[in-house]
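Asker: Pasting a structure below so you can have a look.
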Number of protein chains: 2
Amino acid sequence: MEGTVRVNDGDGGAGPRKRADARRNERTLLDAAAAVFVTSGVEAPVRDIAARAGVGVATIYRHFPTRADLIIAVYRHQVEACAEAGPALLAAVASPYAALGRWINLFVDFLVTKHGLAAVLRSDDAGFEALHAYFLDRLVPVCGQLLQAAAAAGEIRADVDALELMRGVGNLCIGAENDPRYDARRLVEFLIAGLRLPH
Amino acid sequence: MEGTVRVNDGDGGAGPRKRADARRNERTLLDAAAAVFVTSGVEAPVRDIAARAGVGVATIYRHFPTRADLIIAVYRHQVEACAEAGPALLAAVASPYAALGRWINLFVDFLVTKHGLAAVLRSDDAGFEALHAYFLDRLVPVCGQLLQAAAAAGEIRADVDALELMRGVGNLCIGAENDPRYDARRLVEFLIAGLRLPH
DNA sequence: AGGCTAAACGGAACAGGCTTCCGATATGCA
DNA sequence: TGCATATCGGAAGCCTGTTCCGTTTAGCCT
């Protein structure tokens with residue numbers, strides 16, 4: 001199954017094949033990182049991830065120049081799935097506003113189940129530039145599409161910027177994990193409800 | 001309530017008077033910290049603050065055991081003013097919902113003008129425990145009072161927790177400084193609007 | 001199969017934070 | 001004035017992330 005699927009064995013598909021040990025280590029690192037992220041959050045020390053994978057720290061930096069690249073690689077599939085769910089919901093749900101709400105819920109569920117991801121997502125640390133850009137490039141257009149549809153249907157105000165809303169939702173998800181006194185999902189629902197036009 | 005943090009030199013209070021140099025340094029440190037916070041944010045390196053004040057780093061830790069204590073001391077007056085504005089607004093403004101909105105605006109304005117304060121306020125770093133506790137102790141009851149009044153007037157839903165709302169508003173203010181594409185005030189307005197009951 | 005080249009590796013070394021420790025200093029009081 | 005001690009400043013210790021360099025090993029070519 002993965003024999004044909006690119007696991008990043010070349011650079012962009014055109015370059016020479018990576019060595020077998022390099023490909024093996026990249027796989028090992030992704031698994032180790034995913035495991036450590038679950039227990040210690042996405043800001044776990046680099047040494048911990050290296051130890052878990054049984055490799056040296058330099059090996060991490062060789063495969064993933066910045067921590068952001070590693071995080072992106074670990075969560076890429078889920079982000080893609082979320083992005084693809086946008087148009088699908090718009091097509092499947094009668095009201096664009098309802099589709100927007102459902103999609104936002106998907107995004108929120110993704111964020112709150114990844115320890116510290118929301119926090120690092122909004123961080124202005126230069127090292128997370130790539131992570132920031134990836135999330136925005138991939139999800140903001142989808143959000144914009146949903147917003148536009150809902151606005152066109154007269155269900156919400158038309159002056160809502162997708163980037164701004166995504167950042168707001170992301171911010172509301174910060175610190176939501178394992179704190180029963182803080183329900184990010186509910187607050188996000190309030191925020192989305194606040195977009196509605198009086199009718 | 002006030003026992004957790006001591007910034008007072010005991011001048012007029014119980015206990016022995018601090019030495020003159022200690023009092024002088026505490027004053028100097030507060031001024032230096034305030035200045036550095038403005039330019040570099042509340043997470044500026046301790047060494048920078050020490051250098052600015054012309055003292056050693058140990059002097060900071062002697063006066064303020066954690067960074068949170070220093071931040072509290074610097075902003076105490078403004079937080080107190082915000083807390084006292086709550087009941088005042090409730091008395092002065094006809095609609096409790098309007099008073100709530102005005103008060104939240106005060107809080108948001110305070111947060112977004114202090115570089116990085118919102119971020120550190122929500123941080124789960126143990127070192128900021130005191131800061132967290134101070135803000136919550138001082139402001140959550142005020143917010144609760146406003147929420148209760150608005151709910152009693154039938155203007156907003158009654159199941160909104162003050163702590164949760166304050167944390168949500170604080171989160172929305174993260175990263176709001178000097179980024180024209182992110183208007184925290186507007187998002188907070190949406191959030192508050194989302195609390196309204198349909199009528 | 002065996003050797004050669006360079007990619008890949010691991011861990012030590014470097015840099016930069018926060019916090020603690022200790023000898024030196026300055027203060028307040030007798 | 002002289003002493004006891006609170007206070008001071010910077011160095012040391014620790015924990016991060018990141019880079020460097022000698023060593024190992026895969027892949028190829030003979």
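Chain labels A, B, ... are given in the sequence in which chains occur in the structure tokens; within each chain residues are numbered consecutively from 1, and ligands are likewise numbered from 1 in the order shown.
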Do you have, as CSV, the list of residues of chain B lying at most 10 Å from chain D, each with its nearest atom pair and that distance in Å to one decimal, counting only C-alpha atoms (C1' of nucleotides) and ordered by chain then number?
Answerer:
```
residue,atom,partner,partner_atom,distance
B:Lys18,CA,D:DA6,C1',8.8
B:Arg19,CA,D:DA6,C1',7.5
B:Asp21,CA,D:DT7,C1',7.8
B:Ala22,CA,D:DT7,C1',6.9
B:Gly54,CA,D:DG9,C1',9.9
B:Val55,CA,D:DG9,C1',6.9
B:Gly56,CA,D:DG9,C1',4.8
B:Val57,CA,D:DG9,C1',7.7
B:Ala58,CA,D:DG9,C1',7.5
B:Thr59,CA,D:DC8,C1',6.9
B:Arg62,CA,D:DT7,C1',9.2
```
Asker: Mind fitting chain A onto chain B over all Cα atoms in sequence order and sending the result as a PDB file with C-alpha atoms, in the first residue's frame?
Answerer:
```pdb
ATOM      1  CA  MET A   1       1.468  59.930  49.688  1.00  0.00           C
ATOM      2  CA  GLU A   2       3.198  56.623  49.701  1.00  0.00           C
ATOM      3  CA  GLY A   3       4.556  57.053  53.157  1.00  0.00           C
ATOM      4  CA  THR A   4       1.417  55.518  54.554  1.00  0.00           C
ATOM      5  CA  VAL A   5       0.491  53.272  51.693  1.00  0.00           C
ATOM      6  CA  ARG A   6       1.990  49.810  51.890  1.00  0.00           C
ATOM      7  CA  VAL A   7       4.556  49.213  49.189  1.00  0.00           C
ATOM      8  CA  ASN A   8       5.091  45.764  50.571  1.00  0.00           C
ATOM      9  CA  ASP A   9       7.695  46.847  53.053  1.00  0.00           C
ATOM     10  CA  GLY A  10       6.654  44.195  55.507  1.00  0.00           C
ATOM     11  CA  ASP A  11       5.269  40.763  54.874  1.00  0.00           C
ATOM     12  CA  GLY A  12       1.560  41.214  55.052  1.00  0.00           C
ATOM     13  CA  GLY A  13       1.890  44.220  57.314  1.00  0.00           C
ATOM     14  CA  ALA A  14       2.792  42.303  60.471  1.00  0.00           C
ATOM     15  CA  GLY A  15       6.418  41.424  59.940  1.00  0.00           C
ATOM     16  CA  PRO A  16       9.520  43.552  60.428  1.00  0.00           C
ATOM     17  CA  ARG A  17      10.236  46.403  58.084  1.00  0.00           C
ATOM     18  CA  LYS A  18      12.348  45.659  55.053  1.00  0.00           C
ATOM     19  CA  ARG A  19      15.666  47.331  54.695  1.00  0.00           C
ATOM     20  CA  ALA A  20      15.712  50.629  52.859  1.00  0.00           C
ATOM     21  CA  ASP A  21      17.806  49.327  49.955  1.00  0.00           C
ATOM     22  CA  ALA A  22      15.416  46.421  49.537  1.00  0.00           C
ATOM     23  CA  ARG A  23      12.423  48.711  49.327  1.00  0.00           C
ATOM     24  CA  ARG A  24      14.256  50.969  46.901  1.00  0.00           C
ATOM     25  CA  ASN A  25      15.177  48.044  44.686  1.00  0.00           C
ATOM     26  CA  GLU A  26      11.653  46.714  44.679  1.00  0.00           C
ATOM     27  CA  ARG A  27      10.413  50.057  43.441  1.00  0.00           C
ATOM     28  CA  THR A  28      13.191  50.242  40.863  1.00  0.00           C
ATOM     29  CA  LEU A  29      12.380  46.738  39.677  1.00  0.00           C
ATOM     30  CA  LEU A  30       8.695  47.487  39.241  1.00  0.00           C
ATOM     31  CA  ASP A  31       9.495  50.534  37.150  1.00  0.00           C
ATOM     32  CA  ALA A  32      12.082  48.679  35.078  1.00  0.00           C
ATOM     33  CA  ALA A  33       9.759  45.739  34.532  1.00  0.00           C
ATOM     34  CA  ALA A  34       6.915  48.000  33.456  1.00  0.00           C
ATOM     35  CA  ALA A  35       9.188  49.729  30.956  1.00  0.00           C
ATOM     36  CA  VAL A  36      10.573  46.495  29.555  1.00  0.00           C
ATOM     37  CA  PHE A  37       7.108  44.941  29.350  1.00  0.00           C
ATOM     38  CA  VAL A  38       5.996  47.812  27.147  1.00  0.00           C
ATOM     39  CA  THR A  39       8.828  47.397  24.679  1.00  0.00           C
ATOM     40  CA  SER A  40       9.538  43.663  24.784  1.00  0.00           C
ATOM     41  CA  GLY A  41       6.390  42.137  26.202  1.00  0.00           C
ATOM     42  CA  VAL A  42       5.778  40.382  29.481  1.00  0.00           C
ATOM     43  CA  GLU A  43       7.979  37.471  28.489  1.00  0.00           C
ATOM     44  CA  ALA A  44      11.114  39.572  28.179  1.00  0.00           C
ATOM     45  CA  PRO A  45      14.256  37.838  29.462  1.00  0.00           C
ATOM     46  CA  VAL A  46      14.840  38.209  33.177  1.00  0.00           C
ATOM     47  CA  ARG A  47      18.341  39.481  32.507  1.00  0.00           C
ATOM     48  CA  ASP A  48      16.947  42.364  30.487  1.00  0.00           C
ATOM     49  CA  ILE A  49      14.798  43.506  33.368  1.00  0.00           C
ATOM     50  CA  ALA A  50      17.676  43.158  35.800  1.00  0.00           C
ATOM     51  CA  ALA A  51      19.971  45.130  33.517  1.00  0.00           C
ATOM     52  CA  ARG A  52      17.384  47.853  33.068  1.00  0.00           C
ATOM     53  CA  ALA A  53      17.012  48.146  36.821  1.00  0.00           C
ATOM     54  CA  GLY A  54      20.769  48.001  37.336  1.00  0.00           C
ATOM     55  CA  VAL A  55      20.572  45.026  39.683  1.00  0.00           C
ATOM     56  CA  GLY A  56      21.554  41.375  39.562  1.00  0.00           C
ATOM     57  CA  VAL A  57      19.143  38.689  38.476  1.00  0.00           C
ATOM     58  CA  ALA A  58      19.014  37.189  41.945  1.00  0.00           C
ATOM     59  CA  THR A  59      17.534  40.421  43.232  1.00  0.00           C
ATOM     60  CA  ILE A  60      14.506  39.888  41.011  1.00  0.00           C
ATOM     61  CA  TYR A  61      13.964  36.387  42.305  1.00  0.00           C
ATOM     62  CA  ARG A  62      14.372  37.539  45.871  1.00  0.00           C
ATOM     63  CA  HIS A  63      11.603  40.090  45.513  1.00  0.00           C
ATOM     64  CA  PHE A  64       9.392  38.161  43.099  1.00  0.00           C
ATOM     65  CA  PRO A  65       9.750  34.385  43.440  1.00  0.00           C
ATOM     66  CA  THR A  66       8.121  33.785  40.081  1.00  0.00           C
ATOM     67  CA  ARG A  67       7.707  35.896  37.010  1.00  0.00           C
ATOM     68  CA  ALA A  68       4.002  35.797  37.655  1.00  0.00           C
ATOM     69  CA  ASP A  69       4.450  37.673  40.922  1.00  0.00           C
ATOM     70  CA  LEU A  70       6.295  40.420  39.099  1.00  0.00           C
ATOM     71  CA  ILE A  71       3.617  40.706  36.429  1.00  0.00           C
ATOM     72  CA  ILE A  72       0.905  40.802  39.069  1.00  0.00           C
ATOM     73  CA  ALA A  73       2.694  43.550  40.958  1.00  0.00           C
ATOM     74  CA  VAL A  74       3.134  45.632  37.796  1.00  0.00           C
ATOM     75  CA  TYR A  75      -0.498  45.418  36.705  1.00  0.00           C
ATOM     76  CA  ARG A  76      -2.246  45.103  40.055  1.00  0.00           C
ATOM     77  CA  HIS A  77      -3.678  48.613  40.004  1.00  0.00           C
ATOM     78  CA  GLN A  78      -5.223  48.242  36.584  1.00  0.00           C
ATOM     79  CA  VAL A  79      -6.727  44.873  37.396  1.00  0.00           C
ATOM     80  CA  GLU A  80      -8.241  46.269  40.561  1.00  0.00           C
ATOM     81  CA  ALA A  81      -9.703  49.178  38.643  1.00  0.00           C
ATOM     82  CA  CYS A  82     -11.250  46.795  36.149  1.00  0.00           C
ATOM     83  CA  ALA A  83     -12.724  44.676  38.904  1.00  0.00           C
ATOM     84  CA  GLU A  84     -14.242  47.699  40.585  1.00  0.00           C
ATOM     85  CA  ALA A  85     -15.710  48.943  37.328  1.00  0.00           C
ATOM     86  CA  GLY A  86     -18.035  45.944  37.159  1.00  0.00           C
ATOM     87  CA  PRO A  87     -20.497  46.807  39.920  1.00  0.00           C
ATOM     88  CA  ALA A  88     -20.206  50.482  38.984  1.00  0.00           C
ATOM     89  CA  LEU A  89     -21.298  49.800  35.418  1.00  0.00           C
ATOM     90  CA  LEU A  90     -24.097  47.559  36.587  1.00  0.00           C
ATOM     91  CA  ALA A  91     -25.376  50.381  38.746  1.00  0.00           C
ATOM     92  CA  ALA A  92     -24.922  53.102  36.147  1.00  0.00           C
ATOM     93  CA  VAL A  93     -26.156  51.441  32.976  1.00  0.00           C
ATOM     94  CA  ALA A  94     -29.793  50.625  32.473  1.00  0.00           C
ATOM     95  CA  SER A  95     -29.411  47.321  30.659  1.00  0.00           C
ATOM     96  CA  PRO A  96     -27.296  44.644  32.345  1.00  0.00           C
ATOM     97  CA  TYR A  97     -26.376  43.340  28.898  1.00  0.00           C
ATOM     98  CA  ALA A  98     -25.019  46.748  27.949  1.00  0.00           C
ATOM     99  CA  ALA A  99     -23.103  46.872  31.227  1.00  0.00           C
ATOM    100  CA  LEU A 100     -21.626  43.460  30.470  1.00  0.00           C
ATOM    101  CA  GLY A 101     -20.572  44.628  27.036  1.00  0.00           C
ATOM    102  CA  ARG A 102     -18.968  47.756  28.404  1.00  0.00           C
ATOM    103  CA  TRP A 103     -17.121  45.822  31.089  1.00  0.00           C
ATOM    104  CA  ILE A 104     -15.845  43.223  28.651  1.00  0.00           C
ATOM    105  CA  ASN A 105     -14.570  46.076  26.517  1.00  0.00           C
ATOM    106  CA  LEU A 106     -12.603  47.420  29.475  1.00  0.00           C
ATOM    107  CA  PHE A 107     -11.066  44.014  30.018  1.00  0.00           C
ATOM    108  CA  VAL A 108     -10.223  43.601  26.352  1.00  0.00           C
ATOM    109  CA  ASP A 109      -8.661  47.042  26.151  1.00  0.00           C
ATOM    110  CA  PHE A 110      -6.505  46.228  29.136  1.00  0.00           C
ATOM    111  CA  LEU A 111      -5.330  42.932  27.665  1.00  0.00           C
ATOM    112  CA  VAL A 112      -4.578  44.035  24.141  1.00  0.00           C
ATOM    113  CA  THR A 113      -2.458  46.937  25.289  1.00  0.00           C
ATOM    114  CA  LYS A 114      -0.127  44.667  27.297  1.00  0.00           C
ATOM    115  CA  HIS A 115       2.161  42.843  24.917  1.00  0.00           C
ATOM    116  CA  GLY A 116       1.869  39.119  25.363  1.00  0.00           C
ATOM    117  CA  LEU A 117      -0.120  39.305  28.570  1.00  0.00           C
ATOM    118  CA  ALA A 118      -3.088  37.474  27.108  1.00  0.00           C
ATOM    119  CA  ALA A 119      -0.828  34.701  25.877  1.00  0.00           C
ATOM    120  CA  VAL A 120       0.885  34.241  29.183  1.00  0.00           C
ATOM    121  CA  LEU A 121      -2.419  34.494  30.986  1.00  0.00           C
ATOM    122  CA  ARG A 122      -3.722  31.401  29.316  1.00  0.00           C
ATOM    123  CA  SER A 123      -0.399  29.552  29.410  1.00  0.00           C
ATOM    124  CA  ASP A 124      -0.541  26.310  31.356  1.00  0.00           C
ATOM    125  CA  ASP A 125       3.052  26.787  32.444  1.00  0.00           C
ATOM    126  CA  ALA A 126       3.206  26.037  36.161  1.00  0.00           C
ATOM    127  CA  GLY A 127       5.215  29.201  36.759  1.00  0.00           C
ATOM    128  CA  PHE A 128       2.223  31.355  35.878  1.00  0.00           C
ATOM    129  CA  GLU A 129      -0.122  29.628  38.287  1.00  0.00           C
ATOM    130  CA  ALA A 130      -0.200  32.630  40.592  1.00  0.00           C
ATOM    131  CA  LEU A 131      -0.996  35.026  37.748  1.00  0.00           C
ATOM    132  CA  HIS A 132      -3.772  32.788  36.557  1.00  0.00           C
ATOM    133  CA  ALA A 133      -5.226  32.502  40.033  1.00  0.00           C
ATOM    134  CA  TYR A 134      -5.049  36.227  40.665  1.00  0.00           C
ATOM    135  CA  PHE A 135      -6.846  37.211  37.485  1.00  0.00           C
ATOM    136  CA  LEU A 136      -9.486  34.566  37.990  1.00  0.00           C
ATOM    137  CA  ASP A 137     -10.040  35.302  41.668  1.00  0.00           C
ATOM    138  CA  ARG A 138     -10.361  38.973  41.013  1.00  0.00           C
ATOM    139  CA  LEU A 139     -12.303  39.157  37.760  1.00  0.00           C
ATOM    140  CA  VAL A 140     -14.381  36.001  37.413  1.00  0.00           C
ATOM    141  CA  PRO A 141     -16.754  36.922  40.266  1.00  0.00           C
ATOM    142  CA  VAL A 142     -17.299  40.335  38.705  1.00  0.00           C
ATOM    143  CA  CYS A 143     -18.018  38.780  35.347  1.00  0.00           C
ATOM    144  CA  GLY A 144     -20.322  36.268  36.996  1.00  0.00           C
ATOM    145  CA  GLN A 145     -22.290  39.084  38.600  1.00  0.00           C
ATOM    146  CA  LEU A 146     -22.768  40.813  35.263  1.00  0.00           C
ATOM    147  CA  LEU A 147     -23.735  37.575  33.549  1.00  0.00           C
ATOM    148  CA  GLN A 148     -26.231  36.743  36.236  1.00  0.00           C
ATOM    149  CA  ALA A 149     -27.840  40.162  36.031  1.00  0.00           C
ATOM    150  CA  ALA A 150     -28.120  39.978  32.255  1.00  0.00           C
ATOM    151  CA  ALA A 151     -29.521  36.460  32.436  1.00  0.00           C
ATOM    152  CA  ALA A 152     -32.028  37.504  35.089  1.00  0.00           C
ATOM    153  CA  ALA A 153     -33.153  40.307  32.801  1.00  0.00           C
ATOM    154  CA  GLY A 154     -33.705  37.740  30.059  1.00  0.00           C
ATOM    155  CA  GLU A 155     -31.172  39.393  27.799  1.00  0.00           C
ATOM    156  CA  ILE A 156     -28.755  36.491  27.477  1.00  0.00           C
ATOM    157  CA  ARG A 157     -28.851  32.739  27.929  1.00  0.00           C
ATOM    158  CA  ALA A 158     -28.495  31.560  31.493  1.00  0.00           C
ATOM    159  CA  ASP A 159     -26.066  28.716  30.928  1.00  0.00           C
ATOM    160  CA  VAL A 160     -22.929  30.789  30.418  1.00  0.00           C
ATOM    161  CA  ASP A 161     -20.121  30.127  32.855  1.00  0.00           C
ATOM    162  CA  ALA A 162     -18.108  33.206  33.872  1.00  0.00           C
ATOM    163  CA  LEU A 163     -14.798  31.349  33.969  1.00  0.00           C
ATOM    164  CA  GLU A 164     -15.356  29.908  30.541  1.00  0.00           C
ATOM    165  CA  LEU A 165     -16.322  33.257  29.074  1.00  0.00           C
ATOM    166  CA  MET A 166     -13.341  35.033  30.610  1.00  0.00           C
ATOM    167  CA  ARG A 167     -10.985  32.446  29.229  1.00  0.00           C
ATOM    168  CA  GLY A 168     -12.584  32.692  25.831  1.00  0.00           C
ATOM    169  CA  VAL A 169     -12.299  36.464  25.801  1.00  0.00           C
ATOM    170  CA  GLY A 170      -8.701  36.241  26.988  1.00  0.00           C
ATOM    171  CA  ASN A 171      -7.909  33.781  24.240  1.00  0.00           C
ATOM    172  CA  LEU A 172      -9.425  36.019  21.605  1.00  0.00           C
ATOM    173  CA  CYS A 173      -7.084  38.781  22.751  1.00  0.00           C
ATOM    174  CA  ILE A 174      -3.962  36.727  22.124  1.00  0.00           C
ATOM    175  CA  GLY A 175      -1.816  38.191  19.402  1.00  0.00           C
ATOM    176  CA  ALA A 176      -4.052  41.220  18.992  1.00  0.00           C
ATOM    177  CA  GLU A 177      -1.338  43.816  19.530  1.00  0.00           C
ATOM    178  CA  ASN A 178       0.032  45.620  16.506  1.00  0.00           C
ATOM    179  CA  ASP A 179      -1.673  43.491  13.884  1.00  0.00           C
ATOM    180  CA  PRO A 180      -4.175  45.538  11.921  1.00  0.00           C
ATOM    181  CA  ARG A 181      -5.619  42.411  10.334  1.00  0.00           C
ATOM    182  CA  TYR A 182      -6.793  41.064  13.645  1.00  0.00           C
ATOM    183  CA  ASP A 183      -9.298  43.074  15.628  1.00  0.00           C
ATOM    184  CA  ALA A 184      -9.868  41.259  18.905  1.00  0.00           C
ATOM    185  CA  ARG A 185     -12.409  43.816  20.044  1.00  0.00           C
ATOM    186  CA  ARG A 186     -14.693  43.037  17.121  1.00  0.00           C
ATOM    187  CA  LEU A 187     -14.459  39.288  17.600  1.00  0.00           C
ATOM    188  CA  VAL A 188     -15.224  39.632  21.272  1.00  0.00           C
ATOM    189  CA  GLU A 189     -18.260  41.675  20.355  1.00  0.00           C
ATOM    190  CA  PHE A 190     -19.408  38.841  18.126  1.00  0.00           C
ATOM    191  CA  LEU A 191     -18.870  36.382  20.948  1.00  0.00           C
ATOM    192  CA  ILE A 192     -20.907  38.475  23.370  1.00  0.00           C
ATOM    193  CA  ALA A 193     -23.582  38.997  20.747  1.00  0.00           C
ATOM    194  CA  GLY A 194     -23.750  35.218  20.418  1.00  0.00           C
ATOM    195  CA  LEU A 195     -24.882  34.993  24.027  1.00  0.00           C
ATOM    196  CA  ARG A 196     -28.081  36.908  23.357  1.00  0.00           C
ATOM    197  CA  LEU A 197     -31.346  35.113  23.579  1.00  0.00           C
ATOM    198  CA  PRO A 198     -33.595  35.265  20.547  1.00  0.00           C
ATOM    199  CA  HIS A 199     -36.576  37.393  21.295  1.00  0.00           C
TER     200      HIS A 199
END
```
Asker: So, with only C-alpha atoms (C1' of nucleotides) as the atoms that count, which of C:DC9, C:DG17, C:DG3, C:DG23 lies closest to chain A?
Answerer: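 The closest residue to chain A is C:DC9.
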Asker: Output the contact residues of chain C with respect to chain A at a cut-off of 8 Å, based on only C-alpha atoms (C1' of nucleotides), as a list in words.
Answerer: DA7, DA8, DC9, DG10 and DG11 of chain C
Asker: If you run DSSP on the backbone here, which positions in chain B get helix (DSSP H, G or I)? Please write them as a PyMOL selection string.
Answerer: chain B and resi 20-40+46-53+57-63+67-92+96-112+117-122+126-152+162-172+184-193
